[in-house]
$ cat input39.cif   # mmCIF, C-alpha atoms and all ligand atoms
data_my_file
#
loop_
_atom_site.group_PDB
_atom_site.id
_atom_site.type_symbol
_atom_site.label_atom_id
_atom_site.label_comp_id
_atom_site.auth_asym_id
_atom_site.auth_seq_id
_atom_site.Cartn_x
_atom_site.Cartn_y
_atom_site.Cartn_z
ATOM 1 C CA MET A 56 111.020 109.423 117.702
ATOM 2 C CA ILE A 57 111.882 108.768 114.072
ATOM 3 C CA VAL A 58 110.140 112.011 113.120
ATOM 4 C CA ASP A 59 112.353 114.085 115.448
ATOM 5 C CA PHE A 60 115.651 112.811 114.080
ATOM 6 C CA ILE A 61 114.909 112.245 110.432
ATOM 7 C CA SER A 62 113.376 115.671 109.877
ATOM 8 C CA GLU A 63 116.781 117.186 110.681
ATOM 9 C CA LEU A 64 118.604 115.146 108.003
ATOM 10 C CA LYS A 65 118.964 115.807 104.288
ATOM 11 C CA PRO A 66 117.004 113.051 102.440
ATOM 12 C CA GLY A 67 119.126 110.262 100.934
ATOM 13 C CA ASP A 68 119.139 106.441 100.834
ATOM 14 C CA ALA A 69 117.578 104.515 103.717
ATOM 15 C CA LEU A 70 117.287 100.848 104.674
ATOM 16 C CA ASP A 71 114.440 99.813 106.997
ATOM 17 C CA ILE A 72 115.219 96.380 108.487
ATOM 18 C CA GLY A 73 112.087 94.557 109.710
ATOM 19 C CA ALA A 74 109.926 97.167 108.001
ATOM 20 C CA GLY A 75 106.631 95.544 109.078
ATOM 21 C CA ASN A 76 103.594 97.455 107.800
ATOM 22 C CA GLY A 77 105.954 100.186 106.620
ATOM 23 C CA ARG A 78 105.012 102.993 108.973
ATOM 24 C CA ASN A 79 108.631 104.200 109.011
ATOM 25 C CA SER A 80 109.544 103.327 105.392
ATOM 26 C CA LEU A 81 106.482 105.170 104.099
ATOM 27 C CA TYR A 82 107.132 108.154 106.363
ATOM 28 C CA LEU A 83 110.698 108.414 105.018
ATOM 29 C CA ALA A 84 109.570 108.059 101.405
ATOM 30 C CA GLU A 85 106.916 110.745 101.921
ATOM 31 C CA ASN A 86 109.742 112.996 103.051
ATOM 32 C CA GLY A 87 111.921 112.490 99.999
ATOM 33 C CA TRP A 88 114.011 109.454 100.968
ATOM 34 C CA ALA A 89 114.705 106.498 98.639
ATOM 35 C CA VAL A 90 113.884 103.525 100.858
ATOM 36 C CA ASP A 91 114.716 99.812 100.803
ATOM 37 C CA ALA A 92 112.168 98.093 103.079
ATOM 38 C CA LEU A 93 113.304 94.604 104.124
ATOM 39 C CA ASP A 94 111.199 92.008 105.936
ATOM 40 C CA ILE A 95 110.569 88.253 106.047
ATOM 41 C CA ASP A 96 106.795 88.833 106.017
ATOM 42 C CA GLU A 97 105.447 88.758 102.453
ATOM 43 C CA ASN A 98 102.043 90.217 103.440
ATOM 44 C CA ALA A 99 103.650 93.170 105.200
ATOM 45 C CA LEU A 100 105.740 93.957 102.102
ATOM 46 C CA ARG A 101 102.711 93.596 99.819
ATOM 47 C CA HIS A 102 100.971 96.250 101.925
ATOM 48 C CA ILE A 103 103.987 98.579 101.564
ATOM 49 C CA ASP A 104 104.042 97.976 97.782
ATOM 50 C CA GLU A 105 100.333 98.830 97.503
ATOM 51 C CA VAL A 106 100.570 102.030 99.536
ATOM 52 C CA SER A 107 103.737 103.230 97.837
ATOM 53 C CA ARG A 108 102.257 102.543 94.380
ATOM 54 C CA LYS A 109 99.088 104.486 95.249
ATOM 55 C CA LYS A 110 101.067 107.414 96.612
ATOM 56 C CA SER A 111 103.859 107.222 93.971
ATOM 57 C CA LEU A 112 106.522 106.818 96.665
ATOM 58 C CA LEU A 113 110.047 105.484 96.184
ATOM 59 C CA VAL A 114 110.037 102.306 98.328
ATOM 60 C CA HIS A 115 111.783 99.152 97.110
ATOM 61 C CA THR A 116 110.669 96.091 99.094
ATOM 62 C CA ILE A 117 113.067 93.194 99.788
ATOM 63 C CA LEU A 118 111.667 89.838 100.954
ATOM 64 C CA GLN A 119 114.598 88.416 102.876
ATOM 65 C CA ASP A 120 115.781 87.121 106.237
ATOM 66 C CA PHE A 121 118.010 89.965 107.375
ATOM 67 C CA MET A 122 120.638 87.533 108.704
ATOM 68 C CA ARG A 123 121.103 86.249 105.133
ATOM 69 C CA HIS A 124 120.963 89.618 103.409
ATOM 70 C CA GLU A 125 123.975 90.549 101.270
ATOM 71 C CA THR A 126 124.509 93.815 99.429
ATOM 72 C CA PRO A 127 127.472 96.008 98.478
ATOM 73 C CA ARG A 128 125.393 99.129 99.264
ATOM 74 C CA GLN A 129 125.884 101.698 102.008
ATOM 75 C CA TYR A 130 123.005 103.867 103.275
ATOM 76 C CA ASP A 131 122.638 107.340 104.763
ATOM 77 C CA VAL A 132 120.240 105.932 107.349
ATOM 78 C CA ILE A 133 119.613 102.392 108.580
ATOM 79 C CA LEU A 134 116.542 101.813 110.745
ATOM 80 C CA CYS A 135 115.948 98.669 112.750
ATOM 81 C CA LEU A 136 112.949 99.371 114.951
ATOM 82 C CA MET A 137 111.323 96.825 117.264
ATOM 83 C CA THR A 138 112.948 93.950 115.335
ATOM 84 C CA LEU A 139 116.354 93.000 116.821
ATOM 85 C CA HIS A 140 114.821 91.467 119.943
ATOM 86 C CA PHE A 141 113.606 88.589 117.728
ATOM 87 C CA LEU A 142 117.250 87.510 117.281
ATOM 88 C CA SER A 143 119.686 85.742 119.614
ATOM 89 C CA GLN A 144 122.318 87.846 121.420
ATOM 90 C CA GLN A 145 125.009 86.501 119.064
ATOM 91 C CA ASP A 146 122.982 87.397 115.962
ATOM 92 C CA ILE A 147 122.192 90.861 117.372
ATOM 93 C CA LYS A 148 125.923 91.547 117.580
ATOM 94 C CA LEU A 149 126.427 90.282 113.994
ATOM 95 C CA ALA A 150 123.420 92.309 112.801
ATOM 96 C CA ILE A 151 124.740 95.528 114.342
ATOM 97 C CA ASP A 152 128.213 94.919 112.875
ATOM 98 C CA TRP A 153 126.539 94.458 109.461
ATOM 99 C CA MET A 154 124.594 97.732 109.871
ATOM 100 C CA LYS A 155 127.779 99.614 110.796
ATOM 101 C CA VAL A 156 129.580 98.395 107.661
ATOM 102 C CA HIS A 157 126.603 99.295 105.449
ATOM 103 C CA THR A 158 126.195 102.860 106.820
ATOM 104 C CA LYS A 159 127.948 105.640 104.892
ATOM 105 C CA PRO A 160 130.541 107.704 106.807
ATOM 106 C CA GLY A 161 128.522 110.418 108.586
ATOM 107 C CA GLY A 162 125.360 108.290 108.242
ATOM 108 C CA THR A 163 122.961 107.327 111.019
ATOM 109 C CA ILE A 164 121.684 104.111 112.586
ATOM 110 C CA VAL A 165 118.412 104.128 114.538
ATOM 111 C CA ILE A 166 117.583 101.041 116.640
ATOM 112 C CA SER A 167 114.853 100.299 119.160
ATOM 113 C CA GLY A 168 113.862 97.111 120.973
ATOM 114 C CA PHE A 169 112.122 95.703 124.018
ATOM 115 C CA ASN A 170 114.254 95.760 127.149
ATOM 116 C CA SER A 171 114.600 93.736 130.303
ATOM 117 C CA ARG A 172 111.880 95.617 132.191
ATOM 118 C CA ASN A 173 109.334 93.635 130.145
ATOM 119 C CA ALA A 174 108.319 90.064 130.883
ATOM 120 C CA ILE A 175 110.259 87.827 128.471
ATOM 121 C CA GLY A 176 107.037 86.417 126.942
ATOM 122 C CA ALA A 177 107.550 85.167 123.398
ATOM 123 C CA ARG A 178 110.563 87.399 122.793
ATOM 124 C CA PRO A 179 113.883 85.553 122.712
ATOM 125 C CA TYR A 180 115.912 88.596 123.696
ATOM 126 C CA LEU A 181 115.490 91.714 125.844
ATOM 127 C CA PHE A 182 118.093 94.506 125.962
ATOM 128 C CA SER A 183 119.632 95.274 129.342
ATOM 129 C CA ASN A 184 120.357 98.836 130.513
ATOM 130 C CA ASN A 185 123.060 100.538 128.455
ATOM 131 C CA GLU A 186 123.590 97.457 126.288
ATOM 132 C CA LEU A 187 122.811 99.181 122.971
ATOM 133 C CA ALA A 188 124.915 102.240 123.879
ATOM 134 C CA GLU A 189 127.912 100.009 124.635
ATOM 135 C CA LEU A 190 127.756 98.587 121.104
ATOM 136 C CA PHE A 191 128.308 102.104 119.674
ATOM 137 C CA THR A 192 131.203 103.439 121.768
ATOM 138 C CA GLU A 193 133.166 104.526 118.679
ATOM 139 C CA TRP A 194 130.154 106.364 117.145
ATOM 140 C CA THR A 195 128.578 109.696 118.148
ATOM 141 C CA ILE A 196 125.461 108.925 120.168
ATOM 142 C CA ILE A 197 122.837 111.514 119.211
ATOM 143 C CA HIS A 198 120.142 110.039 121.441
ATOM 144 C CA TYR A 199 119.941 107.147 123.881
ATOM 145 C CA GLU A 200 117.298 105.989 126.281
ATOM 146 C CA ASP A 201 116.513 102.853 128.250
ATOM 147 C CA ASP A 202 113.182 102.032 129.828
ATOM 148 C CA SER A 203 111.180 104.519 127.816
ATOM 149 C CA PRO A 204 107.507 103.434 128.198
ATOM 150 C CA SER A 205 105.974 102.957 124.697
ATOM 151 C CA SER A 206 102.346 102.230 123.838
ATOM 152 C CA ILE A 207 101.939 99.642 121.091
ATOM 153 C CA LEU A 208 98.863 97.802 119.748
ATOM 154 C CA SER A 209 99.272 94.184 120.834
ATOM 155 C CA LYS A 210 98.579 91.751 117.956
ATOM 156 C CA SER A 211 97.467 89.016 120.382
ATOM 157 C CA THR A 212 95.082 91.053 122.581
ATOM 158 C CA GLN A 213 94.251 93.838 120.085
ATOM 159 C CA LYS A 214 94.638 96.272 123.008
ATOM 160 C CA ILE A 215 97.071 99.147 123.426
ATOM 161 C CA GLU A 216 99.730 97.891 125.848
ATOM 162 C CA THR A 217 102.676 99.699 127.409
ATOM 163 C CA TYR A 218 106.136 98.246 126.936
ATOM 164 C CA HIS A 219 109.607 99.334 127.994
ATOM 165 C CA VAL A 220 111.863 100.104 125.084
ATOM 166 C CA SER A 221 115.555 100.947 124.586
ATOM 167 C CA ARG A 222 116.377 103.292 121.701
ATOM 168 C CA ILE A 223 119.539 104.616 120.118
ATOM 169 C CA VAL A 224 120.339 107.090 117.349
ATOM 170 C CA ALA A 225 124.059 106.988 116.494
ATOM 171 C CA LYS A 226 126.150 108.698 113.818
ATOM 172 C CA LYS A 227 129.067 106.979 112.077
ATOM 173 C CA PRO A 228 132.404 108.816 112.183
ATOM 174 C CA TYR A 229 133.807 110.178 108.876
HETATM 175 C C1 LIG A 301 107.360 94.326 115.616
HETATM 176 S S1 LIG A 301 107.568 94.429 113.870
HETATM 177 C C2 LIG A 301 108.254 96.062 113.729
HETATM 178 C C3 LIG A 301 107.901 96.703 112.420
HETATM 179 C C4 LIG A 301 108.454 98.115 112.206
HETATM 180 N N1 LIG A 301 109.900 98.161 112.280
HETATM 181 C C5 LIG A 301 107.854 99.095 113.177
HETATM 182 O O1 LIG A 301 108.577 99.604 114.044
HETATM 183 O O2 LIG A 301 106.659 99.355 113.052
HETATM 184 C C6 LIG A 301 109.004 93.404 113.579
HETATM 185 C C7 LIG A 301 109.193 93.039 112.121
HETATM 186 O O3 LIG A 301 110.451 92.376 111.985
HETATM 187 C C8 LIG A 301 110.309 91.360 111.010
HETATM 188 N N2 LIG A 301 111.407 90.395 111.199
HETATM 189 C C9 LIG A 301 111.648 89.582 112.268
HETATM 190 N N3 LIG A 301 112.758 88.852 112.067
HETATM 191 C C10 LIG A 301 113.268 89.228 110.848
HETATM 192 C C11 LIG A 301 114.403 88.825 110.073
HETATM 193 N N4 LIG A 301 115.251 87.891 110.521
HETATM 194 N N5 LIG A 301 114.612 89.419 108.873
HETATM 195 C C12 LIG A 301 113.759 90.368 108.415
HETATM 196 N N6 LIG A 301 112.654 90.784 109.097
HETATM 197 C C13 LIG A 301 112.409 90.221 110.301
HETATM 198 C C14 LIG A 301 108.914 90.807 111.271
HETATM 199 O O4 LIG A 301 108.409 90.114 110.133
HETATM 200 C C15 LIG A 301 108.134 92.083 111.594
HETATM 201 O O5 LIG A 301 107.525 92.637 110.437
#
$ encode --input "input39.cif" --output "structure tokens"
Amino acid sequence: MIVDFISELKPGDALDIGAGNGRNSLYLAENGWAVDALDIDENALRHIDEVSRKKSLLVHTILQDFMRHETPRQYDVILCLMTLHFLSQQDIKLAIDWMKVHTKPGGTIVISGFNSRNAIGARPYLFSNNELAELFTEWTIIHYEDDSPSSILSKSTQKIETYHVSRIVAKKPY
């Protein structure tokens, strides 16, 4: 999904919240973006540092709990993929408000997360239908889907498992 939307944008500054192993940060950097990759997992960021050093890519890693992150910067693109569902509903709202403030006018936010078609399992929060879209009523919604089946490698079983995911791509008004 990220490939479809990002390839249409002129490269600029991007923030990847919950960057994980960096699949999206590294993809952006390979396509000319200057990326800040933020995560609370030191090992994940070390991996991103190693790959970006080897490939001479512009990725700046930030070891930080997103809910405590402060910066005066605004970005052309903010990604938060498969990460928000780790937060409480109240923190999700605060996190999205933070992302909106830190997106440049005309910039884009891309969010995905597990939704309520999945068993709750270890995840504290699952998005209900239309919930993400309703948080962006004043923005232009470029793409929205609920209940899109997504295949992801499960860390616990080491098998490819299918999950239901909500995704949004929204553009900030000028
Ligand atoms: C399922 S992974 C998704 C990684 C990546 N976004 C992707 O789509 O491949 C979720 C990531 O969010 C990070 N994370 C969870 N809570 C966080 C927080 N409060 N602040 C920063 N990162 C967080 C985890 O460490 C993990 O790397």
$ closest_residue --input "input39.cif" --among "A:Glu105, A:Asp202, A:Asp120, A:Glu193" --to "ligand LIG 301 (chain A)" --atoms "only C-alpha atoms and all ligand atoms"
A:Asp120
$ axis_aligned_box --input "input39.cif" --around "ligand LIG 301 (chain A)" --padding-each-side "6 Å" --output "lines of an AutoDock Vina configuration file"
center_x = 111.0
center_y = 93.7
center_z = 112.0
size_x = 20.6
size_y = 23.7
size_z = 19.2
$ residues_near_ligand --input "input39.cif" --ligand "ligand LIG 301 (chain A)" --cutoff "10 Å" --atoms "all atoms listed in the file" --output "MDAnalysis selection string"
chainID A and resid 57 71:80 92:100 117:124 134:142 146 150 166:169 207 209:210
$ atom_distance --input "input39.cif" --atom1 "CA of Leu112 (chain A)" --atom2 "CA of Thr163 (chain A)"
21.8 Å
$ resolve_selection --input "input39.cif" --expression "the PyMOL selection byres (((chain A and resi 61) around 10) and not hetatm)" --output "list in words"
Met56, Ile57, Val58, Asp59, Phe60, Ser62, Glu63, Leu64, Lys65, Pro66, Tyr82, Leu83, Asn86, Trp88, Val132, Thr163 and Val165 of chain A
$ atom_distance --input "input39.cif" --atom1 "CA of Asp152 (chain A)" --atom2 "CA of Gly67 (chain A)"
21.5 Å
$ residues_around --input "input39.cif" --residues "Val114 (chain A)" --least-positions-apart "5" --cutoff "10 Å" --atoms "all atoms listed in the file" --output "MDAnalysis selection string"
chainID A and resid 69:70 77 80:81 83:85 88:92 103:104 106:108
$ atom_distance --input "input39.cif" --atom1 "CA of Pro228 (chain A)" --atom2 "CA of Thr195 (chain A)"
7.1 Å
$ residues_around --input "input39.cif" --residues "Leu190 (chain A)" --least-positions-apart "4" --cutoff "10 Å" --atoms "only C-alpha atoms" --output "ChimeraX atom specification"
/A:148,151-152,185-186,194
$ resolve_selection --input "input39.cif" --expression "the PyMOL selection byres (((chain A and resi 204) around 9) and not hetatm)" --output "mmCIF file with C-alpha atoms, in the coordinates of the input"
data_model
loop_
_atom_site.group_PDB
_atom_site.id
_atom_site.type_symbol
_atom_site.label_atom_id
_atom_site.label_comp_id
_atom_site.auth_asym_id
_atom_site.auth_seq_id
_atom_site.Cartn_x
_atom_site.Cartn_y
_atom_site.Cartn_z
ATOM 1 C CA ASP A 202 113.182 102.032 129.828
ATOM 2 C CA SER A 203 111.180 104.519 127.816
ATOM 3 C CA SER A 205 105.974 102.957 124.697
ATOM 4 C CA SER A 206 102.346 102.230 123.838
ATOM 5 C CA THR A 217 102.676 99.699 127.409
ATOM 6 C CA TYR A 218 106.136 98.246 126.936
ATOM 7 C CA HIS A 219 109.607 99.334 127.994
ATOM 8 C CA VAL A 220 111.863 100.104 125.084
#
$ closest_residue --input "input39.cif" --among "A:Thr116, A:Arg172, A:Asp131, A:Ile215" --to "Met154 (chain A)" --atoms "all atoms listed in the file"
A:Asp131
$ closest_residue --input "input39.cif" --among "A:Tyr180, A:Tyr229, A:Arg222, A:Glu189" --to "Pro160 (chain A)" --atoms "all atoms listed in the file"
A:Tyr229
$ closest_residue --input "input39.cif" --among "A:His198, A:Ser221, A:Thr212, A:Leu149" --to "Ser171 (chain A)" --atoms "all atoms listed in the file"
A:Ser221
$ closest_residue --input "input39.cif" --among "A:Ile147, A:Val156, A:Ala225, A:Leu113" --to "Gln129 (chain A)" --atoms "all atoms listed in the file"
A:Val156
